Protein chains: 2
Amino acid sequence: MLESALNPQAGKAQWIWYPGDFEMMLLLRVHSRRYERGMQITPCWHMDTFFPNIKFRRRFHLEKPVVFQVHATGEVAVEVDGGGRYCYDYQDGVRLEPGSHDLCITVFNPHELPALYIDADGLQTNGAWEASNVDSRWLPAGSWNFTSPSCPPSDFRLEMQPLQPVSVEKIGQGVLFDFGKEMMASLKGEGFKGEGILHISYGESREEALNYAECEVREDVKVTEDCFETTLPRAFRFVFLAPEGGLSAGGLTALYEYLPIENKGSFECSDDLLNRIYDTAVYTLHLNSREFFFDGIKRDRWVWGGDACQSYLLNYYSFFDSELCKRTMRALRGKDPVHQHHNTIQDYTCYWFISLYDYYLYTGDAAFLREVYRNARTLMDFCLETTDERGFMNARPEDWVFVDWAPINNKGDVSLIQILFARSLEVMALIAGLCGDENGRAFYHSLWQKCLKNCFEIFWSARYNCFTHGPAAASDAVVTKYANMFALSFGYLSEEQKAAVIQNALLNETVLPITTPYMRFYELAALCDAGCYEDVMGFLREYWGGMLRLGATSFWEAYDAAEQGAQHYAMYGRPFGKSLCHAWGAGPILLAGKYFLGVRPEAPGYEKFTVSPHLAGLAYIRGSVPTPGGAIDVFCDGEKAEVVNHTPFEGALEWKGQVVAVPPGQTVSLG
Amino acid sequence: MLESALNPQAGKAQWIWYPGDFEMMLLLRVHSRRYERGMQITPCWHMDTFFPNIKFRRRFHLEKPVVFQVHATGEVAVEVDGGGRYCYDYQDGVRLEPGSHDLCITVFNPHELPALYIDADGLQTNGAWEASNVDSRWLPAGSWNFTSPSCPPSDFRLEMQPLQPVSVEKIGQGVLFDFGKEMMASLKGEGFKGEGILHISYGESREEALNYAECEVREDVKVTEDCFETTLPRAFRFVFLAPEGGLSAGGLTALYEYLPIENKGSFECSDDLLNRIYDTAVYTLHLNSREFFFDGIKRDRWVWGGDACQSYLLNYYSFFDSELCKRTMRALRGKDPVHQHHNTIQDYTCYWFISLYDYYLYTGDAAFLREVYRNARTLMDFCLETTDERGFMNARPEDWVFVDWAPINNKGDVSLIQILFARSLEVMALIAGLCGDENGRAFYHSLWQKCLKNCFEIFWSARYNCFTHGPAAASDAVVTKYANMFALSFGYLSEEQKAAVIQNALLNETVLPITTPYMRFYELAALCDAGCYEDVMGFLREYWGGMLRLGATSFWEAYDAAEQGAQHYAMYGRPFGKSLCHAWGAGPILLAGKYFLGVRPEAPGYEKFTVSPHLAGLAYIRGSVPTPGGAIDVFCDGEKAEVVNHTPFEGALEWKGQVVAVPPGQTVSLG
């Protein structure tokens, strides 16, 4: 791994904290900002918080005396060279004489994240320090890009940009503002006259904004001056203001809140619809890439493991923000003790383990796997508590076995869950090996083998020649696509089984079709893996193109071409329940980068990679995929395929049955 | 158990919270209030905090419609009859129609304890509700005496009483205030003139208050008006004010902060010194009986398990505040996961288990044991992780094996630790039985038997005919009193072994003498158990009488008659390091109640009890011991022994070899 790519702050003093606690603080903040018709809705699962009392320590050798200032968020106690030797008066700085010193600094803060910053000659806080919540264990301290003493991690804020409406329309006693596209923003009102209550209804659609009673997000602001600002950013394109009493409305500016990341990838092709689909997908992902990866910015405005697992993959082909991935994975994992699955869902716990592997494959960042191994083990312990003699993970009464929104029976043994669990065990064996825990590696490896063997024993149907949803021997055994497509992607199938699965499950029209973009994501990927590029291209134009034709500025939680007008906005029995900006709608990013440009890592951190472009009926495709070591640029038309390798590693270009090496820094063509 | 005695709030609406979280909130507050020379000193062990997001639920049947107000500390979401059915507008109250309803109310607050209060006809919050930190598990909600909607648990404050100094003395540029006795108080200054910095030094002794540089507690206040108040209560008898700049000092009032509890016991005898010792012991215990049982009010101002274990016992013979015991036990236990022993000390974890038994014996409150069983099991799991084939608990490298401040070797096997651990296992078997966990009972019982058997195998010395400190077979085996006196008190010795232990360990002058009041507490109790009442009485007069002769108004952390003047105040290498108000100095309360009056429970909650008065050379003793069912009054002189039984249970009076039953409500005499 290229250290500098993942840690651009090396060498600078950084604020430090207890590892993972920045994420706990931030997640608590994020998860307490969802309001539904004025009522705060917190997640339906456990939330952890940061530890209030942290000790930080480091051993130093000083060549000359140093006087350092202690910056901290919280109350501080400084011990030098042994417990109990406190510095009582250090307003003018702590002075250390030359020589070796043990520094131990306690920071206490029950309200905000306890954090520490020291920047003196030869004495800087950074990830080389250790932190403890005073539980007799020391871990490498958490740190990131907080390098200014005046900007501690508890002050973390996203960026803000004022945006003007593209149209303003008086409707009855109120005013409708259209900001032209979906966004997450707070509001700044100016030029208001009089005093009174301002009813604000937010809409992802025009219809939603105009329906105060049933819109998902609304608030009432008491306006007493000519200007005001709302406190929380909300998701909307449209805002309707209905002033009450003697108030008359003025102008509105959206204070667009966003994470300052740029798309390091690109995609362009001969089909403008596809280009617009790609751009809208990137925008959709960006809106949901914030403190963490959200599912949707209006709803649920929460961090869900299943959704995040897809966002990571999309991110590797666009923003390549590995810190955002790590923040989200730490946040989802939370703290010990583990009493429930991620988001209470069995499959979502498995996606967390699987995400670790994806993260490692794309970034090569073994340090993060070492960081989380301790917590990964206790999470796996929680799973193993329910395993049976077949090595299958069973559901507790309170566990949610989700799989997908579909008319399927998830009672008893479910093939997808065990395939995901097998993969989780395989990932644990990999991480254990990376951490030098040979016993752990052997332990997880044998559990993986057992679980996988029994997946084939129990779920592989001789009759259907593919996996069934539940046990194959059951009289009501039925084929679904889920286990089949994941087993294919995980490489668990022989060539013969692969062909059978494609024919009997993935391309079998009698099998229950997948209707959610959530599982469609994996299905389209599996179809590409199976070589069905043109089918996928057709679906892209129809499904995502269909949303664009309806005026979508970001992609939706779900889309059914058969629906009419405002029917499109309804879901969960609520007229505006559907999220019109959902991360899992951004799947075209993966299709563009991994399958059409065809760039994928074959070893962690792209130390090996392949490029296999597929036109899928297009006249040409051109684009770029980011990697930790630099971009990989691809061009392909009917005549040739060309790769520009900006990385320090050698890759391979595969096109029309030919394979050629792509050395570091070189441009290589076929055709 | 008499329910009303332990839960006087039954029938009233109560604030409710996640069980144990009131204690987490309060302990965090308490543990962050120790300042040493102006620097905050937090404990050298892990501190937990409360969960920020709590769901409360209950199923109700309503005969008629009800409209209720929701009072909460935090943001609220009300769900009625199923997840997701939110009440969006309930400013005017939530209306429920007649019939059965499931009410689920979420309270979110990251800064203060989330708590809930509802008081409507047929719908009240109380301990019958369940609470969850949304971790898929529901527990009975926590509650106490917070019955007013305007006084939530996060507003918990001790009582306050203004006290005037008994003398004021100008010394140099400053003024010394003597408040006549030790106390914990903040200060109110009045009649100050000018503006400037006021240096305040607090002293448990006059010498300490006059030494700004080396006093343990001091603060600087910027005075700009004629009056001020300090924010934190501090421990002191003396306060010295040194004004700076144009400031001149005015008068001072101590705002004495205390827990409003009364001594339900009493003791009086023919020796006035002993009466003063008893009164001072009660005052010492009261000063340390606050949010929790403190070790000392100046230092450490923390909750230590070893100290608390003694305070509980003293409390059963005086204030009988069972809520204070429960608060302290919950606070010490903290939350899962367990990564360290209580206060990092192996023996202190054991004292927690042992305290549970004492609590049950004196109060009969099985409900509390059921409440803590879940946490007791995970704490015992932590201990069992280190047990070996002998069933002994071993020390991790980070564990502190304390035993006592004494020149003893606590490396390797230490007999006291294993005796305490055996007792802990015995208590766990008892609790498991009470909770109907028969597997647990059998499991802990067999571990107890194994550990106890090996205690005798490894530590009982044939040569010394008692327990040695380490393994008896070691060439450097040496007798100490610790294991011997605890094994005696726990009833682990045969009559023969008991006699041997008394002779060869407890009364053996060649054995290392105990010098701390901490272990002296158990030693004096064991000596009484061994019938040596007059020896104990002599020690009482000498040791506690010695402190009184030096002007003590509360009892000290340690006392050595050989020291002179201000030497008495020094400890830990600091001139005023010694605490002059230490809970473990209050031991005479136990000696008076349990051994001189001779009152002790023989079954949980005093459903059986004995009274065996011992004059120990006094002309008469008279007193009272509180129990959950009422007081037991005792009088004894050379002529007769008399008991007045105010409890609903039958006891037995034993005196001079005679035994007579004491029926409920009766007065019975012997002699």
# chains A, B, ... in the order shown; residues from 1 in each chain; ligands from 1
$ interface_residues --of "chain B" --to "chain A" --cutoff "10 Å" --atoms "only C-alpha atoms" --output "ChimeraX atom specification"
/B:25,28-29,32,36-55,75-78,83-84,86-89,106-112,132-137,335-341,343-344,397-399
$ write_last_selection --atoms "C-alpha atoms" --output "CSV table (one decimal), in the first residue's frame"
chain,number,residue,atom,x,y,z
B,25,MET,CA,-24.6,9.5,35.1
B,28,LEU,CA,-19.4,10.3,36.2
B,29,ARG,CA,-20.4,13.6,37.8
B,32,SER,CA,-15.1,14.3,37.8
B,36,GLU,CA,-5.9,18.3,43.5
B,37,ARG,CA,-4.2,21.7,43.7
B,38,GLY,CA,-6.5,23.0,40.9
B,39,MET,CA,-6.1,20.0,38.6
B,40,GLN,CA,-8.9,17.6,37.9
B,41,ILE,CA,-7.9,14.0,38.8
B,42,THR,CA,-10.2,11.3,37.4
B,43,PRO,CA,-10.0,7.7,38.7
B,44,CYS,CA,-7.3,5.4,37.5
B,45,TRP,CA,-9.9,3.0,36.2
B,46,HIS,CA,-12.5,2.9,33.5
B,47,MET,CA,-15.7,5.0,33.8
B,48,ASP,CA,-18.9,4.1,31.9
B,49,THR,CA,-21.6,6.5,30.9
B,50,PHE,CA,-25.3,6.3,30.3
B,51,PHE,CA,-26.8,5.2,27.0
B,52,PRO,CA,-28.1,8.2,25.0
B,53,ASN,CA,-31.1,6.5,23.3
B,54,ILE,CA,-33.7,4.6,25.3
B,55,LYS,CA,-37.0,3.0,24.5
B,75,GLU,CA,-36.3,14.4,22.6
B,76,VAL,CA,-39.3,12.1,22.5
B,77,ALA,CA,-41.0,9.9,20.0
B,78,VAL,CA,-44.3,8.3,21.0
B,83,GLY,CA,-43.6,0.2,15.7
B,84,GLY,CA,-43.8,3.2,13.3
B,86,TYR,CA,-45.9,7.8,15.6
B,87,CYS,CA,-48.0,10.5,17.3
B,88,TYR,CA,-46.7,13.6,15.4
B,89,ASP,CA,-48.6,16.3,17.3
B,106,THR,CA,-38.2,6.8,22.8
B,107,VAL,CA,-36.2,9.3,24.7
B,108,PHE,CA,-32.9,10.6,23.2
B,109,ASN,CA,-30.4,12.7,25.1
B,110,PRO,CA,-26.6,12.5,24.6
B,111,HIS,CA,-25.9,15.0,27.3
B,112,GLU,CA,-28.1,14.1,30.2
B,132,SER,CA,-34.2,-1.0,26.3
B,133,ASN,CA,-31.1,0.7,24.9
B,134,VAL,CA,-32.4,-0.6,21.6
B,135,ASP,CA,-30.1,-3.6,21.8
B,136,SER,CA,-32.9,-6.1,21.3
B,137,ARG,CA,-33.2,-6.7,25.1
B,335,LYS,CA,-21.3,-1.8,32.3
B,336,ASP,CA,-20.2,-4.6,30.0
B,337,PRO,CA,-17.7,-5.5,28.6
B,338,VAL,CA,-15.6,-6.2,31.6
B,339,HIS,CA,-11.9,-5.6,30.9
B,340,GLN,CA,-10.6,-5.0,34.4
B,341,HIS,CA,-11.3,-5.7,38.0
B,343,ASN,CA,-10.8,-0.3,40.7
B,344,THR,CA,-8.3,-2.6,38.8
B,397,PRO,CA,-0.2,-8.6,34.3
B,398,GLU,CA,-2.3,-5.4,34.7
B,399,ASP,CA,-4.2,-6.6,37.8
$ residues_around --residues "Tyr212 (chain A)" --least-positions-apart "3" --cutoff "9 Å" --atoms "only C-alpha atoms" --output "PyMOL selection string"
chain A and resi 37+199-202+208-209+215-218+240
$ write_last_selection --atoms "N, CA and C atoms" --output "JSON list (two decimals), in the first residue's frame"
[["chain", "number", "residue", "atom", "x", "y", "z"],
["A", 37, "ARG", "N", -41.97, 14.80, 9.99],
["A", 37, "ARG", "CA", -43.10, 15.67, 10.36],
["A", 37, "ARG", "C", -42.88, 16.31, 11.72],
["A", 199, "HIS", "N", -44.51, 28.31, 8.01],
["A", 199, "HIS", "CA", -44.59, 26.86, 7.81],
["A", 199, "HIS", "C", -43.75, 26.51, 6.59],
["A", 200, "ILE", "N", -42.76, 25.68, 6.80],
["A", 200, "ILE", "CA", -41.87, 25.29, 5.70],
["A", 200, "ILE", "C", -42.11, 23.81, 5.39],
["A", 201, "SER", "N", -42.47, 23.51, 4.16],
["A", 201, "SER", "CA", -42.54, 22.10, 3.78],
["A", 201, "SER", "C", -41.52, 21.83, 2.68],
["A", 202, "TYR", "N", -40.76, 20.76, 2.90],
["A", 202, "TYR", "CA", -39.68, 20.39, 1.99],
["A", 202, "TYR", "C", -40.19, 19.30, 1.05],
["A", 208, "GLU", "N", -44.72, 17.00, -3.15],
["A", 208, "GLU", "CA", -44.45, 16.82, -1.72],
["A", 208, "GLU", "C", -44.36, 18.18, -1.03],
["A", 209, "ALA", "N", -43.63, 19.12, -1.66],
["A", 209, "ALA", "CA", -43.46, 20.44, -1.03],
["A", 209, "ALA", "C", -44.80, 21.14, -0.86],
["A", 215, "CYS", "N", -46.13, 15.79, 3.65],
["A", 215, "CYS", "CA", -44.71, 15.77, 3.27],
["A", 215, "CYS", "C", -43.93, 15.13, 4.41],
["A", 216, "GLU", "N", -42.80, 14.51, 4.09],
["A", 216, "GLU", "CA", -42.04, 13.80, 5.12],
["A", 216, "GLU", "C", -41.32, 14.77, 6.05],
["A", 217, "VAL", "N", -40.85, 15.88, 5.50],
["A", 217, "VAL", "CA", -40.04, 16.80, 6.31],
["A", 217, "VAL", "C", -40.65, 18.20, 6.26],
["A", 218, "ARG", "N", -40.89, 18.73, 7.42],
["A", 218, "ARG", "CA", -41.45, 20.08, 7.51],
["A", 218, "ARG", "C", -40.97, 20.70, 8.80],
["A", 240, "PHE", "N", -41.65, 24.89, -0.01],
["A", 240, "PHE", "CA", -42.83, 25.75, -0.02],
["A", 240, "PHE", "C", -42.92, 26.49, 1.31]]
$ residues_around --residues "Met571 (chain B)" --least-positions-apart "5" --cutoff "12 Å" --atoms "only C-alpha atoms" --output "list in words"
Glu216, Arg299, Trp556, Glu557, Ala558, Tyr559, Asp560, Glu563, Ala566, Phe576, Gly577, Lys578, Ser579 and Leu580 of chain B
$ residues_around --residues "Glu244 (chain B)" --least-positions-apart "6" --cutoff "8 Å" --atoms "only C-alpha atoms" --output "short mmCIF file (atom, residue, chain, number, x, y, z; two decimals) with all heavy atoms, in the first residue's frame"
data_model
loop_
_atom_site.label_atom_id
_atom_site.label_comp_id
_atom_site.auth_asym_id
_atom_site.auth_seq_id
_atom_site.Cartn_x
_atom_site.Cartn_y
_atom_site.Cartn_z
N GLY B 196 -10.51 41.60 42.72
CA GLY B 196 -9.21 40.95 42.66
C GLY B 196 -9.35 39.45 42.75
O GLY B 196 -10.46 38.90 42.81
N ILE B 197 -8.21 38.79 42.75
CA ILE B 197 -8.18 37.32 42.86
C ILE B 197 -8.19 36.95 44.34
O ILE B 197 -7.45 37.52 45.15
CB ILE B 197 -6.92 36.76 42.19
CG1 ILE B 197 -6.89 37.11 40.69
CG2 ILE B 197 -6.83 35.25 42.39
CD1 ILE B 197 -8.01 36.49 39.88
N LEU B 198 -9.01 35.97 44.67
CA LEU B 198 -9.06 35.46 46.04
C LEU B 198 -8.47 34.05 46.03
O LEU B 198 -9.01 33.15 45.37
CB LEU B 198 -10.50 35.43 46.53
CG LEU B 198 -10.70 34.99 47.98
CD1 LEU B 198 -10.07 36.00 48.93
CD2 LEU B 198 -12.19 34.83 48.29
N HIS B 199 -7.34 33.87 46.71
CA HIS B 199 -6.75 32.53 46.82
C HIS B 199 -7.40 31.84 48.01
O HIS B 199 -7.33 32.34 49.14
CB HIS B 199 -5.24 32.62 47.04
CG HIS B 199 -4.53 33.35 45.93
ND1 HIS B 199 -4.33 32.80 44.69
CD2 HIS B 199 -3.99 34.60 45.87
CE1 HIS B 199 -3.68 33.67 43.92
NE2 HIS B 199 -3.47 34.78 44.61
#
$ closest_atom_pairs --of "region 171-273 of chain A" --to "region 583-594 of chain A" --cutoff "10 Å" --atoms "only C-alpha atoms" --output "JSON lines"
{"residue": "A:Gly265", "atom": "CA", "partner": "A:Gly593", "partner_atom": "CA", "distance": 8.1}
{"residue": "A:Ser266", "atom": "CA", "partner": "A:Gly593", "partner_atom": "CA", "distance": 8.2}
{"residue": "A:Phe267", "atom": "CA", "partner": "A:Ala592", "partner_atom": "CA", "distance": 6.7}
{"residue": "A:Glu268", "atom": "CA", "partner": "A:Ala592", "partner_atom": "CA", "distance": 9.0}
{"residue": "A:Cys269", "atom": "CA", "partner": "A:Ala592", "partner_atom": "CA", "distance": 9.8}
$ write_last_selection --atoms "N, CA, C and O atoms" --output "mmCIF file, in the first residue's frame"
data_model
loop_
_atom_site.group_PDB
_atom_site.id
_atom_site.type_symbol
_atom_site.label_atom_id
_atom_site.label_comp_id
_atom_site.auth_asym_id
_atom_site.auth_seq_id
_atom_site.Cartn_x
_atom_site.Cartn_y
_atom_site.Cartn_z
ATOM 1 N N GLY A 265 -12.781 9.328 -10.678
ATOM 2 C CA GLY A 265 -13.030 8.500 -11.852
ATOM 3 C C GLY A 265 -13.757 9.314 -12.905
ATOM 4 O O GLY A 265 -14.097 10.486 -12.705
ATOM 5 N N SER A 266 -13.979 8.697 -14.053
ATOM 6 C CA SER A 266 -14.776 9.361 -15.081
ATOM 7 C C SER A 266 -15.304 8.297 -16.032
ATOM 8 O O SER A 266 -14.775 7.177 -16.100
ATOM 9 N N PHE A 267 -16.362 8.650 -16.749
ATOM 10 C CA PHE A 267 -16.900 7.755 -17.771
ATOM 11 C C PHE A 267 -17.630 8.575 -18.814
ATOM 12 O O PHE A 267 -18.399 9.476 -18.483
ATOM 13 N N GLU A 268 -17.356 8.245 -20.036
ATOM 14 C CA GLU A 268 -18.005 8.954 -21.144
ATOM 15 C C GLU A 268 -18.144 7.947 -22.266
ATOM 16 O O GLU A 268 -17.280 7.083 -22.450
ATOM 17 N N CYS A 269 -19.250 8.044 -23.018
ATOM 18 C CA CYS A 269 -19.432 7.082 -24.099
ATOM 19 C C CYS A 269 -20.207 7.736 -25.230
ATOM 20 O O CYS A 269 -20.571 8.914 -25.171
#
$ closest_residue --among "B:Thr253, B:Thr125, B:Thr647, B:Thr349" --to "Ala308 (chain B)" --atoms "only C-alpha atoms"
B:Thr349
$ residues_around --residues "Asp637 (chain B)" --least-positions-apart "5" --cutoff "10 Å" --atoms "only C-alpha atoms" --output "compact mmCIF listing (two decimals) with C-alpha atoms, in the first residue's frame"
# COMPACT_ATOMS: atom_id res chain seq x y z
CA CYS B 269 -22.93 3.22 77.30
CA SER B 270 -21.41 4.01 80.65
CA PRO B 613 -25.03 -8.46 74.10
CA HIS B 614 -21.47 -8.15 75.42
CA LEU B 615 -20.54 -5.52 77.98
CA GLY B 617 -16.12 -4.34 80.71
CA LEU B 618 -18.69 -1.54 80.46
CA ALA B 619 -21.27 -0.99 83.22
CA TYR B 620 -24.13 -0.82 80.76
CA ILE B 621 -24.89 -0.57 77.08
CA ARG B 622 -28.09 0.59 75.46
CA GLU B 642 -33.31 -6.99 77.57
CA GLY B 671 -31.03 -12.22 84.07
$ residues_around --residues "region 668-670 of chain A" --least-positions-apart "2" --cutoff "6 Å" --atoms "only C-alpha atoms" --output "ChimeraX atom specification"
/A:640-643,662
$ residues_around --residues "region 421-424 of chain B" --least-positions-apart "5" --cutoff "10 Å" --atoms "only C-alpha atoms" --output "number ranges by chain"
B: 346-347, 349-357, 380, 383, 391-393, 415-416, 429-430, 444-445, 447-455, 486-487, 490, 492
$ closest_residue --among "A:Glu542, A:Ala562, A:Leu653, A:Thr231" --to "Leu597 (chain A)" --atoms "only C-alpha atoms"
A:Leu653
$ atom_distance --atom1 "CA of Thr328 (chain B)" --atom2 "CA of Trp405 (chain B)"
23.6 Å
$ select_by_dssp --residues "region 386-481 of chain A" --states "alpha helix (DSSP H)" --output "JSON, numbers by chain"
{"A": [415, 416, 417, 418, 419, 420, 421, 422, 423, 424, 425, 426, 427, 428, 429, 430, 431, 432, 433, 434, 438, 439, 440, 441, 442, 443, 444, 445, 446, 447, 448, 449, 450, 451, 452, 453, 454, 455, 456, 457, 458, 459]}
$ select_by_dssp --residues "region 433-554 of chain A" --states "strand (DSSP E or B)" --output "PyMOL selection string"
chain A and resi 460-461+466-467
$ write_last_selection --atoms "N, CA, C and O atoms" --output "tab-separated table (two decimals), in the first residue's frame"
chain	number	residue	atom	x	y	z
A	460	TRP	N	-27.87	-27.00	-2.54
A	460	TRP	CA	-27.71	-27.26	-3.98
A	460	TRP	C	-28.73	-28.31	-4.40
A	460	TRP	O	-28.75	-29.41	-3.87
A	461	SER	N	-29.55	-27.93	-5.34
A	461	SER	CA	-30.63	-28.82	-5.76
A	461	SER	C	-30.22	-29.60	-7.01
A	461	SER	O	-29.89	-29.01	-8.04
A	466	CYS	N	-29.02	-25.81	-9.28
A	466	CYS	CA	-28.54	-24.53	-8.75
A	466	CYS	C	-28.99	-24.48	-7.29
A	466	CYS	O	-29.56	-25.43	-6.78
A	467	PHE	N	-28.71	-23.36	-6.60
A	467	PHE	CA	-29.13	-23.26	-5.21
A	467	PHE	C	-30.61	-22.94	-5.12
A	467	PHE	O	-31.14	-22.15	-5.93
$ atom_distance --atom1 "CA of Tyr362 (chain A)" --atom2 "CA of Glu262 (chain A)"
17.8 Å
$ atom_distance --atom1 "CA of Leu116 (chain A)" --atom2 "CA of Gly20 (chain A)"
14.8 Å
$ closest_residue --among "A:Ala561, A:Val239, A:Ala185, A:Leu259" --to "Glu207 (chain A)" --atoms "only C-alpha atoms"
A:Val239
$ decode --residues "region 307-312 of chain A" --atoms "all heavy atoms" --output "PDB file, in the first residue's frame"
ATOM      1  N   ASP A 307     -26.758  -1.148   2.629  1.00  0.00           N
ATOM      2  CA  ASP A 307     -26.617  -0.037   1.691  1.00  0.00           C
ATOM      3  C   ASP A 307     -25.158   0.401   1.600  1.00  0.00           C
ATOM      4  O   ASP A 307     -24.628   0.656   0.509  1.00  0.00           O
ATOM      5  CB  ASP A 307     -27.471   1.158   2.150  1.00  0.00           C
ATOM      6  CG  ASP A 307     -28.923   0.775   2.384  1.00  0.00           C
ATOM      7  OD1 ASP A 307     -29.173  -0.100   3.237  1.00  0.00           O
ATOM      8  OD2 ASP A 307     -29.800   1.362   1.739  1.00  0.00           O
ATOM      9  N   ALA A 308     -24.516   0.495   2.767  1.00  0.00           N
ATOM     10  CA  ALA A 308     -23.133   0.965   2.807  1.00  0.00           C
ATOM     11  C   ALA A 308     -22.221   0.035   2.011  1.00  0.00           C
ATOM     12  O   ALA A 308     -21.307   0.480   1.312  1.00  0.00           O
ATOM     13  CB  ALA A 308     -22.652   1.084   4.255  1.00  0.00           C
ATOM     14  N   CYS A 309     -22.484  -1.267   2.096  1.00  0.00           N
ATOM     15  CA  CYS A 309     -21.650  -2.259   1.411  1.00  0.00           C
ATOM     16  C   CYS A 309     -21.579  -1.951  -0.086  1.00  0.00           C
ATOM     17  O   CYS A 309     -20.545  -2.137  -0.721  1.00  0.00           O
ATOM     18  CB  CYS A 309     -22.226  -3.647   1.667  1.00  0.00           C
ATOM     19  SG  CYS A 309     -21.236  -4.989   1.012  1.00  0.00           S
ATOM     20  N   GLN A 310     -22.690  -1.459  -0.645  1.00  0.00           N
ATOM     21  CA  GLN A 310     -22.691  -1.100  -2.056  1.00  0.00           C
ATOM     22  C   GLN A 310     -22.014   0.252  -2.280  1.00  0.00           C
ATOM     23  O   GLN A 310     -21.294   0.443  -3.271  1.00  0.00           O
ATOM     24  CB  GLN A 310     -24.140  -1.042  -2.569  1.00  0.00           C
ATOM     25  CG  GLN A 310     -24.858  -2.366  -2.348  1.00  0.00           C
ATOM     26  CD  GLN A 310     -26.207  -2.439  -3.034  1.00  0.00           C
ATOM     27  OE1 GLN A 310     -26.687  -1.456  -3.589  1.00  0.00           O
ATOM     28  NE2 GLN A 310     -26.802  -3.619  -3.017  1.00  0.00           N
ATOM     29  N   SER A 311     -22.224   1.183  -1.353  1.00  0.00           N
ATOM     30  CA  SER A 311     -21.610   2.503  -1.510  1.00  0.00           C
ATOM     31  C   SER A 311     -20.089   2.419  -1.528  1.00  0.00           C
ATOM     32  O   SER A 311     -19.425   3.141  -2.268  1.00  0.00           O
ATOM     33  CB  SER A 311     -22.071   3.437  -0.384  1.00  0.00           C
ATOM     34  OG  SER A 311     -23.448   3.724  -0.531  1.00  0.00           O
ATOM     35  N   TYR A 312     -19.530   1.531  -0.679  1.00  0.00           N
ATOM     36  CA  TYR A 312     -18.070   1.381  -0.694  1.00  0.00           C
ATOM     37  C   TYR A 312     -17.607   1.048  -2.106  1.00  0.00           C
ATOM     38  O   TYR A 312     -16.660   1.633  -2.637  1.00  0.00           O
ATOM     39  CB  TYR A 312     -17.601   0.247   0.227  1.00  0.00           C
ATOM     40  CG  TYR A 312     -18.058   0.314   1.659  1.00  0.00           C
ATOM     41  CD1 TYR A 312     -18.563  -0.826   2.291  1.00  0.00           C
ATOM     42  CD2 TYR A 312     -17.972   1.489   2.393  1.00  0.00           C
ATOM     43  CE1 TYR A 312     -18.969  -0.795   3.612  1.00  0.00           C
ATOM     44  CE2 TYR A 312     -18.385   1.530   3.721  1.00  0.00           C
ATOM     45  CZ  TYR A 312     -18.883   0.381   4.325  1.00  0.00           C
ATOM     46  OH  TYR A 312     -19.291   0.408   5.628  1.00  0.00           O
TER      47      TYR A 312
END
